[in-house]
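*Asks:* This is coords.txt (compact mmCIF, C-alpha atoms).
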# COMPACT_ATOMS: atom_id res chain seq x y z
CA MET A 1 -12.18 -2.87 -13.04
CA ASN A 2 -13.25 -6.29 -11.83
CA SER A 3 -14.87 -8.29 -14.66
CA VAL A 4 -17.26 -10.09 -12.27
CA VAL A 5 -18.49 -6.82 -10.78
CA LEU A 6 -18.96 -5.37 -14.27
CA PHE A 7 -20.90 -8.47 -15.35
CA GLN A 8 -23.19 -8.15 -12.33
CA GLN A 9 -23.86 -4.48 -13.09
CA LEU A 10 -24.59 -5.24 -16.74
CA LEU A 11 -26.87 -8.08 -15.67
CA VAL A 12 -28.94 -5.63 -13.62
CA LEU A 13 -29.21 -3.28 -16.62
CA LEU A 14 -30.10 -6.24 -18.85
CA GLY A 15 -32.93 -7.09 -16.45
CA MET A 16 -34.31 -3.57 -16.86
CA MET A 17 -34.02 -3.91 -20.65
CA PHE A 18 -35.92 -7.20 -20.44
CA ILE A 19 -38.81 -5.41 -18.70
CA GLY A 20 -38.96 -3.00 -21.65
CA TYR A 21 -38.77 -5.93 -24.08
CA LEU A 22 -41.68 -7.72 -22.39
CA ALA A 23 -43.68 -4.50 -22.12
CA PHE A 24 -43.41 -3.94 -25.88
CA LYS A 25 -44.15 -7.55 -26.74
CA GLY A 26 -47.15 -7.47 -24.40
CA ASN A 27 -48.35 -4.22 -26.00
CA THR A 28 -48.05 -2.28 -22.75
CA ILE A 29 -45.70 -0.11 -24.80
CA ASP A 30 -46.57 0.30 -28.48
CA GLU A 31 -44.58 1.98 -31.22
CA HIS A 32 -46.18 5.37 -30.54
CA SER A 33 -45.56 5.30 -26.78
CA TYR A 34 -42.02 3.99 -27.39
CA LYS A 35 -41.21 7.12 -29.38
CA LYS A 36 -42.73 9.31 -26.65
CA LEU A 37 -40.77 7.53 -23.91
CA SER A 38 -37.58 7.79 -25.96
CA THR A 39 -38.10 11.54 -26.31
CA LEU A 40 -38.80 11.79 -22.56
CA VAL A 41 -35.53 10.05 -21.74
CA VAL A 42 -33.35 11.89 -24.26
CA LYS A 43 -34.70 15.42 -23.81
CA ILE A 44 -35.72 15.47 -20.13
CA LEU A 45 -34.46 12.62 -17.95
CA ASN A 46 -30.98 12.15 -19.44
CA PRO A 47 -30.06 15.83 -18.89
CA PHE A 48 -31.08 15.45 -15.23
CA LEU A 49 -28.80 12.42 -14.94
CA ILE A 50 -25.88 14.36 -16.40
CA ILE A 51 -26.42 17.32 -14.06
CA SER A 52 -26.94 15.06 -11.02
CA GLY A 53 -23.34 13.96 -11.41
CA VAL A 54 -22.03 17.39 -10.44
CA VAL A 55 -24.57 18.98 -8.07
CA GLY A 56 -24.16 18.48 -4.36
CA LYS A 57 -20.86 16.61 -4.74
CA THR A 58 -17.99 17.34 -2.37
CA THR A 59 -15.44 15.43 -4.46
CA THR A 60 -13.40 17.67 -6.73
CA PHE A 61 -11.00 16.55 -9.41
CA SER A 62 -7.57 18.06 -9.79
CA LYS A 63 -6.50 19.90 -12.92
CA GLU A 64 -4.23 16.95 -13.71
CA ILE A 65 -7.16 14.51 -13.72
CA ILE A 66 -9.24 16.76 -16.00
CA VAL A 67 -6.31 17.11 -18.42
CA GLN A 68 -5.79 13.34 -18.40
CA ASN A 69 -9.49 12.84 -19.13
CA ILE A 70 -9.45 15.30 -22.04
CA ILE A 71 -6.36 13.58 -23.51
CA LEU A 72 -8.14 10.21 -23.32
CA VAL A 73 -11.34 11.62 -24.88
CA VAL A 74 -9.38 12.98 -27.86
CA ALA A 75 -7.43 9.70 -28.19
CA PHE A 76 -10.70 7.77 -27.94
CA TYR A 77 -12.30 9.38 -30.98
CA ILE A 78 -9.09 9.39 -33.02
CA LEU A 79 -8.74 5.64 -32.43
CA LEU A 80 -12.39 5.08 -33.33
CA PHE A 81 -11.88 7.03 -36.55
CA LEU A 82 -8.81 4.98 -37.51
CA SER A 83 -10.47 1.69 -36.51
CA GLY A 84 -13.43 2.40 -38.80
CA PHE A 85 -11.10 2.87 -41.75
CA LEU A 86 -9.15 -0.27 -40.88
CA TYR A 87 -12.35 -2.31 -40.59
CA ILE A 88 -13.65 -1.44 -44.05
CA LYS A 89 -10.20 -2.05 -45.55
CA LEU A 90 -9.80 -5.48 -43.98
CA LEU A 91 -13.31 -6.56 -44.95
CA ARG A 92 -12.95 -4.93 -48.37
CA LYS A 93 -16.15 -2.92 -48.10
CA THR A 94 -15.99 -0.52 -51.00
CA ASN A 95 -19.65 0.35 -51.68
CA ASN A 96 -21.81 2.94 -49.94
CA GLU A 97 -22.05 0.71 -46.87
CA SER A 98 -18.44 1.56 -46.08
CA PHE A 99 -19.64 5.02 -45.02
CA LEU A 100 -22.18 3.40 -42.68
CA TYR A 101 -19.53 1.30 -40.92
CA ARG A 102 -17.23 4.29 -40.53
CA MET A 103 -20.13 6.22 -38.97
CA LEU A 104 -21.03 3.36 -36.62
CA PHE A 105 -17.48 3.14 -35.33
CA LEU A 106 -17.63 6.81 -34.34
CA MET A 107 -20.88 6.50 -32.37
CA PRO A 108 -20.53 4.37 -29.26
CA ASN A 109 -23.28 4.87 -26.71
CA VAL A 110 -21.10 6.92 -24.34
CA GLY A 111 -24.04 8.68 -22.68
CA PHE A 112 -27.24 6.65 -22.77
CA MET A 113 -25.53 3.47 -21.54
CA GLY A 114 -22.14 4.87 -20.58
CA ILE A 115 -23.47 7.11 -17.81
CA PRO A 116 -25.41 4.39 -15.91
CA ILE A 117 -22.49 1.96 -16.08
CA VAL A 118 -19.91 4.54 -14.98
CA LYS A 119 -22.25 5.71 -12.20
CA GLU A 120 -22.76 2.18 -10.87
CA SER A 121 -19.07 1.30 -11.26
CA LEU A 122 -17.37 4.41 -9.84
CA GLY A 123 -20.03 6.70 -8.38
CA SER A 124 -22.12 9.60 -9.65
CA GLU A 125 -19.29 12.14 -9.25
CA TYR A 126 -17.53 10.52 -12.23
CA ILE A 127 -20.40 11.43 -14.56
CA VAL A 128 -18.67 14.78 -15.13
CA LEU A 129 -15.81 12.90 -16.81
CA VAL A 130 -18.34 11.19 -19.08
CA ALA A 131 -19.69 14.63 -20.00
CA PHE A 132 -16.48 15.29 -21.95
CA TYR A 133 -17.11 12.13 -24.01
CA ILE A 134 -20.68 13.31 -24.68
CA VAL A 135 -19.43 16.68 -25.94
CA GLY A 136 -17.02 14.90 -28.29
CA PHE A 137 -19.78 12.56 -29.46
CA ASN A 138 -22.17 15.37 -30.33
CA ILE A 139 -19.56 17.41 -32.17
CA ILE A 140 -18.58 14.40 -34.30
CA ALA A 141 -22.10 12.97 -34.79
CA TYR A 142 -23.62 16.21 -36.04
CA SER A 143 -20.76 17.15 -38.34
CA TYR A 144 -18.69 14.27 -39.72
CA GLY A 145 -21.43 11.80 -38.79
CA ILE A 146 -23.95 13.65 -40.95
CA TYR A 147 -21.44 13.74 -43.79
CA LEU A 148 -20.98 9.95 -43.62
CA ALA A 149 -24.73 9.35 -43.32
CA SER A 150 -25.40 11.47 -46.40
CA LYS A 151 -22.73 9.57 -48.35
CA PHE A 152 -24.29 6.29 -47.26
CA GLY A 153 -27.70 7.47 -48.47
CA ASN A 154 -26.42 9.25 -51.61
CA LYS A 155 -27.92 12.46 -50.33
CA GLU A 156 -25.91 15.66 -50.32
CA THR A 157 -26.66 17.86 -47.34
CA LYS A 158 -25.55 21.07 -45.69
CA LEU A 159 -24.70 21.20 -42.01
CA ASN A 160 -27.11 23.13 -39.81
CA ARG A 161 -25.74 24.87 -36.75
CA ARG A 162 -28.87 23.91 -34.82
CA ASN A 163 -27.88 20.24 -35.16
CA TYR A 164 -25.14 20.81 -32.62
CA LEU A 165 -27.58 22.05 -29.98
CA SER A 166 -28.78 18.62 -28.92
CA PRO A 167 -29.93 18.17 -25.30
CA GLY A 168 -26.99 15.88 -24.61
CA LEU A 169 -24.44 18.48 -25.70
CA ILE A 170 -26.14 21.39 -23.94
CA TYR A 171 -26.41 19.64 -20.60
CA ALA A 172 -22.96 18.06 -20.84
CA VAL A 173 -21.52 21.56 -21.25
CA MET A 174 -23.69 22.78 -18.35
CA ALA A 175 -22.40 19.95 -16.14
CA ILE A 176 -18.80 20.82 -16.98
CA ALA A 177 -19.49 24.51 -16.26
CA ILE A 178 -21.13 23.71 -12.89
CA PHE A 179 -18.14 21.54 -12.05
CA PHE A 180 -15.51 24.13 -12.90
CA LEU A 181 -17.42 27.04 -11.31
CA GLN A 182 -18.23 24.96 -8.20
CA ILE A 183 -21.84 26.14 -8.22
CA GLN A 184 -23.65 25.03 -5.05
CA LEU A 185 -27.41 24.43 -5.17
CA PRO A 186 -29.80 24.23 -2.19
CA LYS A 187 -30.32 20.71 -0.84
CA PRO A 188 -33.91 20.30 -2.19
CA PHE A 189 -32.59 20.95 -5.72
CA VAL A 190 -29.81 18.42 -5.24
CA ILE A 191 -32.29 15.75 -4.06
CA PHE A 192 -34.59 16.58 -6.99
CA PHE A 193 -31.80 16.17 -9.54
CA ASN A 194 -30.70 12.89 -7.94
CA TYR A 195 -34.22 11.43 -8.03
CA MET A 196 -34.69 12.43 -11.66
CA GLY A 197 -31.28 11.00 -12.54
CA GLU A 198 -32.14 7.67 -10.91
CA ALA A 199 -35.40 7.58 -12.87
CA CYS A 200 -33.43 8.08 -16.08
CA ILE A 201 -31.38 4.92 -15.54
CA VAL A 202 -34.47 2.72 -15.27
CA MET A 203 -36.40 4.44 -18.07
CA SER A 204 -33.46 4.48 -20.49
CA MET A 205 -32.95 0.73 -20.07
CA ILE A 206 -36.70 0.11 -20.56
CA VAL A 207 -36.61 2.19 -23.76
CA ILE A 208 -33.61 0.18 -25.04
CA GLY A 209 -35.50 -3.04 -24.27
CA ALA A 210 -38.52 -1.77 -26.22
CA PHE A 211 -36.19 -0.92 -29.12
CA LEU A 212 -34.77 -4.46 -29.10
CA ALA A 213 -38.31 -5.91 -29.11
CA GLN A 214 -38.85 -4.32 -32.52
CA MET A 215 -35.83 -6.08 -34.05
CA ASP A 216 -35.44 -9.51 -35.62
CA LEU A 217 -33.02 -10.58 -32.91
CA ARG A 218 -32.10 -13.88 -34.55
CA GLU A 219 -30.83 -12.09 -37.65
CA ALA A 220 -29.30 -9.27 -35.60
CA LEU A 221 -27.37 -11.63 -33.32
CA LEU A 222 -26.40 -14.46 -35.65
CA SER A 223 -25.84 -13.01 -39.12
CA LYS A 224 -22.27 -13.11 -40.43
CA ASP A 225 -22.20 -9.33 -40.81
CA SER A 226 -23.32 -8.75 -37.22
CA LEU A 227 -20.86 -11.23 -35.76
CA SER A 228 -17.89 -9.79 -37.65
CA PHE A 229 -18.82 -6.27 -36.62
CA VAL A 230 -19.38 -7.24 -32.97
CA PHE A 231 -16.03 -9.07 -32.90
CA ALA A 232 -14.18 -6.04 -34.26
CA PHE A 233 -16.03 -3.26 -32.44
CA MET A 234 -16.96 -4.95 -29.16
CA PHE A 235 -13.92 -7.16 -28.61
CA ILE A 236 -10.80 -6.34 -30.66
CA PHE A 237 -11.07 -2.55 -30.36
CA PRO A 238 -11.76 -2.40 -26.59
CA PHE A 239 -9.21 -5.15 -25.85
CA ILE A 240 -6.44 -3.14 -27.53
CA ILE A 241 -7.63 0.08 -25.87
CA VAL A 242 -7.81 -1.40 -22.37
CA PHE A 243 -4.57 -3.37 -22.65
CA LEU A 244 -2.37 -0.59 -24.03
CA SER A 245 -3.75 2.14 -21.77
CA LYS A 246 -2.83 0.10 -18.68
CA TYR A 247 0.74 1.22 -19.32
CA LEU A 248 -0.20 4.89 -18.95
CA SER A 249 0.63 6.52 -15.64
CA PHE A 250 -2.83 8.09 -15.42
CA ASP A 251 -5.29 8.13 -12.54
CA VAL A 252 -6.83 4.66 -12.26
CA ASN A 253 -10.43 5.91 -12.20
CA VAL A 254 -9.91 8.17 -15.23
CA LEU A 255 -8.59 5.12 -17.05
CA THR A 256 -11.56 3.05 -15.86
CA VAL A 257 -13.98 5.57 -17.39
CA PHE A 258 -11.96 5.35 -20.61
CA HIS A 259 -12.07 1.54 -20.53
CA LEU A 260 -15.81 1.38 -19.86
CA GLU A 261 -16.62 3.83 -22.65
CA ALA A 262 -14.50 1.74 -25.05
CA CYS A 263 -16.78 -1.24 -24.31
CA MET A 264 -20.06 0.53 -25.06
CA PRO A 265 -22.38 -0.56 -27.90
CA ILE A 266 -23.48 1.62 -30.81
CA GLY A 267 -25.85 4.48 -29.97
CA SER A 268 -29.28 4.80 -31.57
CA VAL A 269 -28.33 8.19 -33.08
CA ALA A 270 -26.49 6.28 -35.82
CA CYS A 271 -29.74 4.68 -36.99
CA MET A 272 -31.62 7.99 -36.91
CA LEU A 273 -28.93 9.74 -38.95
CA ALA A 274 -28.84 6.91 -41.50
CA GLN A 275 -32.60 7.14 -42.00
CA GLU A 276 -32.79 10.92 -41.95
CA TYR A 277 -30.17 11.36 -44.66
CA GLY A 278 -31.57 8.92 -47.18
CA GLY A 279 -30.07 5.57 -46.21
CA ASP A 280 -31.60 2.27 -45.13
CA GLY A 281 -31.50 2.39 -41.36
CA SER A 282 -32.38 -1.30 -40.90
CA LYS A 283 -28.74 -2.49 -41.04
CA ALA A 284 -27.72 0.15 -38.51
CA ALA A 285 -30.63 -0.88 -36.28
CA ARG A 286 -29.59 -4.56 -36.41
CA LEU A 287 -25.98 -3.73 -35.50
CA ILE A 288 -27.13 -1.46 -32.68
CA ALA A 289 -29.29 -4.31 -31.33
CA ALA A 290 -26.46 -6.84 -31.67
CA THR A 291 -23.83 -4.68 -29.96
CA THR A 292 -26.24 -3.76 -27.15
CA ILE A 293 -27.07 -7.37 -26.30
CA TYR A 294 -23.54 -8.69 -26.71
CA THR A 295 -22.20 -6.00 -24.36
CA ILE A 296 -23.06 -8.15 -21.35
CA ILE A 297 -20.63 -10.80 -22.66
CA THR A 298 -17.94 -8.79 -24.42
CA ALA A 299 -17.32 -6.06 -21.81
CA PRO A 300 -16.58 -8.38 -18.85
CA LEU A 301 -14.66 -10.72 -21.17
CA VAL A 302 -12.41 -7.90 -22.35
CA PHE A 303 -11.55 -6.88 -18.78
CA TYR A 304 -11.02 -10.52 -17.75
CA LEU A 305 -8.69 -11.37 -20.65
CA VAL A 306 -6.74 -8.12 -20.38
CA ASN A 307 -6.05 -8.85 -16.70
CA ILE A 308 -4.89 -12.38 -17.55
CA VAL A 309 -2.56 -11.21 -20.35
CA HIS A 310 -1.27 -8.27 -18.31
CA ASN A 311 -0.51 -10.48 -15.30
CA PHE A 312 1.17 -13.09 -17.53
CA LEU A 313 3.48 -10.48 -19.05
CA HIS A 314 4.41 -9.17 -15.64
Can you give me the file's structure in the form of structure tokens?
*Replies:*
Amino acid sequence: MNSVVLFQQLLVLLGMMFIGYLAFKGNTIDEHSYKKLSTLVVKILNPFLIISGVVGKTTTFSKEIIVQNIILVVAFYILLFLSGFLYIKLLRKTNNESFLYRMLFLMPNVGFMGIPIVKESLGSEYIVLVAFYIVGFNIIAYSYGIYLASKFGNKETKLNRRNYLSPGLIYAVMAIAIFFLQIQLPKPFVIFFNYMGEACIVMSMIVIGAFLAQMDLREALLSKDSLSFVFAFMFIFPFIIVFLSKYLSFDVNVLTVFHLEACMPIGSVACMLAQEYGGDGSKAARLIAATTIYTIITAPLVFYLVNIVHNFLH
């Protein structure tokens, strides 16, 4: 993945976020309409974007590529789990906040931001590979993620099976099923799904911009806690992931999806879980804001430095 190309793509997405930021600051979007737009994106538009990645596509992936992708998805979440533990040990975080950091490490924004970036970088047919990451995210978020959130908020809770049936999980599984069964839809349906998917990219970035407009960005971007977390999660972790995985003899595009997902910021689900299960969601919100904004710098920088180090060693 070319770091310059990635920077340009992120710059476009940042521009869309800025529109949402200005719209909220100018009261075109208020807090009530922000929540409605967020629901629209998560429950309606984002599923269309996921499905659009598999309908009407002539490109098919081999069994070997799917297996490689599944291996990388499993490795991805195992490494996130271990990195969260390492982070709290190195920074000696022993209070309830340690559970928050462990939860944040497990919740990169693999879908909401991951899908648009993968789509623009590789093409819409690669969204089906992202669907596997979304399935993993939902399984972890609504099981172990809830456990960590309840520990952070000192609130014991029982898992509800309905938690797993989020729109992201349902439609990710549908996309995978359509892909494997090679279901062909009439052309009007394909065009409809593509239009709705394109709308999702713009609307999701506007919603993120409106979310950022509600944060104290100075504190979110410049506090010691934010900077240390961003350095660990947005630079050290993806640098190690991208560098080491270059030595795998996997398909280059499967690896690129893996690399891009490793560079994603924290997803907003982390904040919602922290608040829902008794914790103070403000710290999670600040770290989500910080990682989202810094992505435009850290992601291209990781790819650029990895290429330099890799070329130097060879």
*Asks:* What does the distance between CA of Pro47 (chain A) and CA of Gly209 (chain A) come to in Å, to one decimal place?
*Replies:* 20.4 Å
*Asks:* If I take CA of Tyr34 (chain A) and CA of Ile117 (chain A), how far is one from the other in Å, to one decimal?
*Replies:*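 CA of Tyr34 (chain A) sits 22.7 Å away from CA of Ile117 (chain A).
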*Asks:* Which residue is closest to Val306 (chain A)? Choose from A:Phe243, A:Tyr294, A:Phe99, A:Tyr77 and count only C-alpha atoms.
*Replies:*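 Closest to Val306 (chain A), using only C-alpha atoms: A:Phe243.
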*Asks:* CA of Leu260 (chain A) to CA of Phe303 (chain A): how many Å, to one decimal?
*Replies:*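 Straight-line distance from CA of Leu260 (chain A) to CA of Phe303 (chain A) works out to 9.4 Å.
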*Asks:* Taking 4 positions as the minimum chain separation for residues in the same chain, which residues sit within 7 Å of Tyr277 (chain A) when counting only C-alpha atoms? Answer as a PyMOL selection string.
*Replies:* chain A and resi 149-150+153+155+273
*Asks:* Neighbours of Leu100 (chain A) within 7 Å (all atoms listed in the file; same-chain residues fewer than 2 positions away dropped), as a PyMOL selection string?
*Replies:* chain A and resi 97-98+102-104+148-149+152
*Asks:* Would you put the residues from that selection into a file with C-alpha atoms, as a JSON list (two decimals), in the frame of the given file?
*Replies:*
[["chain", "number", "residue", "atom", "x", "y", "z"],
["A", 97, "GLU", "CA", -22.05, 0.71, -46.87],
["A", 98, "SER", "CA", -18.44, 1.56, -46.08],
["A", 102, "ARG", "CA", -17.23, 4.29, -40.53],
["A", 103, "MET", "CA", -20.13, 6.22, -38.97],
["A", 104, "LEU", "CA", -21.03, 3.36, -36.62],
["A", 148, "LEU", "CA", -20.98, 9.95, -43.62],
["A", 149, "ALA", "CA", -24.73, 9.35, -43.32],
["A", 152, "PHE", "CA", -24.29, 6.29, -47.26]]
*Asks:* Go ahead and find all residues with at least one atom no further than 8 Å from (-8.8, 12.2, -15.4) in the file's coordinates, using only C-alpha atoms; report them as number ranges by chain.
*Replies:* A: 61, 64-70, 129, 250-251, 253-255
*Asks:* So, counting all atoms listed in the file, which residue among A:Ala75, A:Ala210, A:Ile88, A:Ile266 is closest to Glu31 (chain A)?
*Replies:*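 Among the listed residues, the smallest separation from Glu31 (chain A) belongs to A:Ala210.
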*Asks:* For the point (-9.4, 1.3, -31.4) in file coordinates, what residues are within 7 Å, counting only C-alpha atoms? Give the answer as number ranges by chain?
*Replies:* A: 79-80, 83, 237-238, 240-241
